[in-house]
Amino acid sequence: MRKHEMTQSAAQCLRLRWMPRLSVIGLLLFTVLSAQAQEPRERPLSRTVPGRETVPSQRERGTTPARPSSSTNESRPAEHPLKPAIRLAEACLETLEDIEDYTALLSTREYVNGTIVVHTMAMKFREEPFSVYFKFGGEHAGREVLYVEGQNQNMLLAHEGSGLKSLVGTVSLSPESPEILKENRHTITDAGLRNMVNHMITRWEEESRYGECEVKYYPKAKLNDSECLVIECRHPTPHRQFKFHISRLFIDRETNLPMRVENYAFPRQGGKPMLVEEYTYSEIKTNVGLTDADFDRKNPRYAF
């Protein structure tokens, strides 16, 4: 009996001695297994086709498919053929911005009251104040005309060079006087290079609202001794919105100054276009330093 009790007591002592050790061993095993379970696994290698680069999917890139822009399918309307011509004419105006005065020889041909009237004039012109002096040659040799904005009650002064009318002496006339418009399509307030180009631009801008317009360029045209760019606008069919059948603007290629304007009427059936007006500036000398004396009726070189 005592021997059996001693055996049980010894076994109990052994259990008490090994239990802490077993607990430590179990804890260590649990830690190792947990660490293996949490260790990240290596991703399998992706299969690639030789010669191709692996591209991440849209989901991997975090993007969505790009939608085509609506502007890519929009077609811009074609520019009216007069628009480049207008820009070239406007470039002439920019050149004129640096010009305060000039002298020139002005030759005109105008269809007035059923006939072509031709004039040739030596001209002096000043921008500010707007001042014009003409001395005529040819059929009306000796005639002088003077206009200065804000002076002489804004009237035009004129006298003839010969004949019975010369006996009348100097007369004052309104620029819009019927006496003047008997021989001219425009008034003296329309004189000058700037006005000539502005009239063309204004008309071309209005006509650019419509179709039926052909524009041609002649880059090596000759006018007297000057090489010119000629811009020709042609309307093949007469319409109320088109004042002329053909219009031409001549631009000096060296100075970029306008030199001539031509306008032709629509031809009658079976006929040719008829010249309505032509204005040609030649021998232009700019910024010559014109003074008030050049536009004074009391100038001793004048006969007012």
# chains A, B, ... in the order shown; residues from 1 in each chain; ligands from 1
>>> residues_around(residues="Gln153 in chain A", least_positions_apart="3", cutoff="10 Å", atoms="only C-alpha atoms", output="number ranges by chain")
A: 148-150, 156, 172, 174
>>> select_by_dssp(residues="range 58-287 of chain A", states="strand (DSSP E or B)", output="ChimeraX atom specification")
/A:101-112,115-126,131-136,144-148,156-159,171-173,214-223,226-234,246-252,258-265,274-286
>>> closest_residue(among="A:Glu160, A:Glu127, A:Glu262, A:Glu97", to="Glu139 in chain A", atoms="only C-alpha atoms")
A:Glu160
>>> closest_residue(among="A:Gly137, A:Gly192, A:Pro300, A:Gly211", to="Val261 in chain A", atoms="only C-alpha atoms")
A:Gly192
>>> closest_residue(among="A:Phe136, A:Leu249, A:Glu100, A:Lys165", to="Glu278 in chain A", atoms="only C-alpha atoms")
A:Leu249
>>> atom_distance(atom1="CA of Val117 in chain A", atom2="CA of Ala265 in chain A")
16.0 Å
>>> residues_around(residues="range 78-83 of chain A", least_positions_apart="6", cutoff="12 Å", atoms="only C-alpha atoms", output="list in words")
Ala89, Glu90, Met200, Ile201, Thr202, Arg203, Trp204, Glu205, Glu206, Glu207, Ser208, Arg209, Tyr210, Gly211, Glu212, Cys213, Glu214, Val215, Lys216, Tyr217, Ile231, Glu232, Cys233, Arg234, His235 and Ser247 of chain A
>>> select_by_dssp(residues="range 145-300 of chain A", states="alpha helix (DSSP H)", output="PyMOL selection string")
chain A and resi 178-181+193-207
>>> atom_distance(atom1="CA of Asn299 in chain A", atom2="CA of Thr120 in chain A")
21.9 Å
>>> atom_distance(atom1="CA of Thr108 in chain A", atom2="CA of Met196 in chain A")
12.2 Å
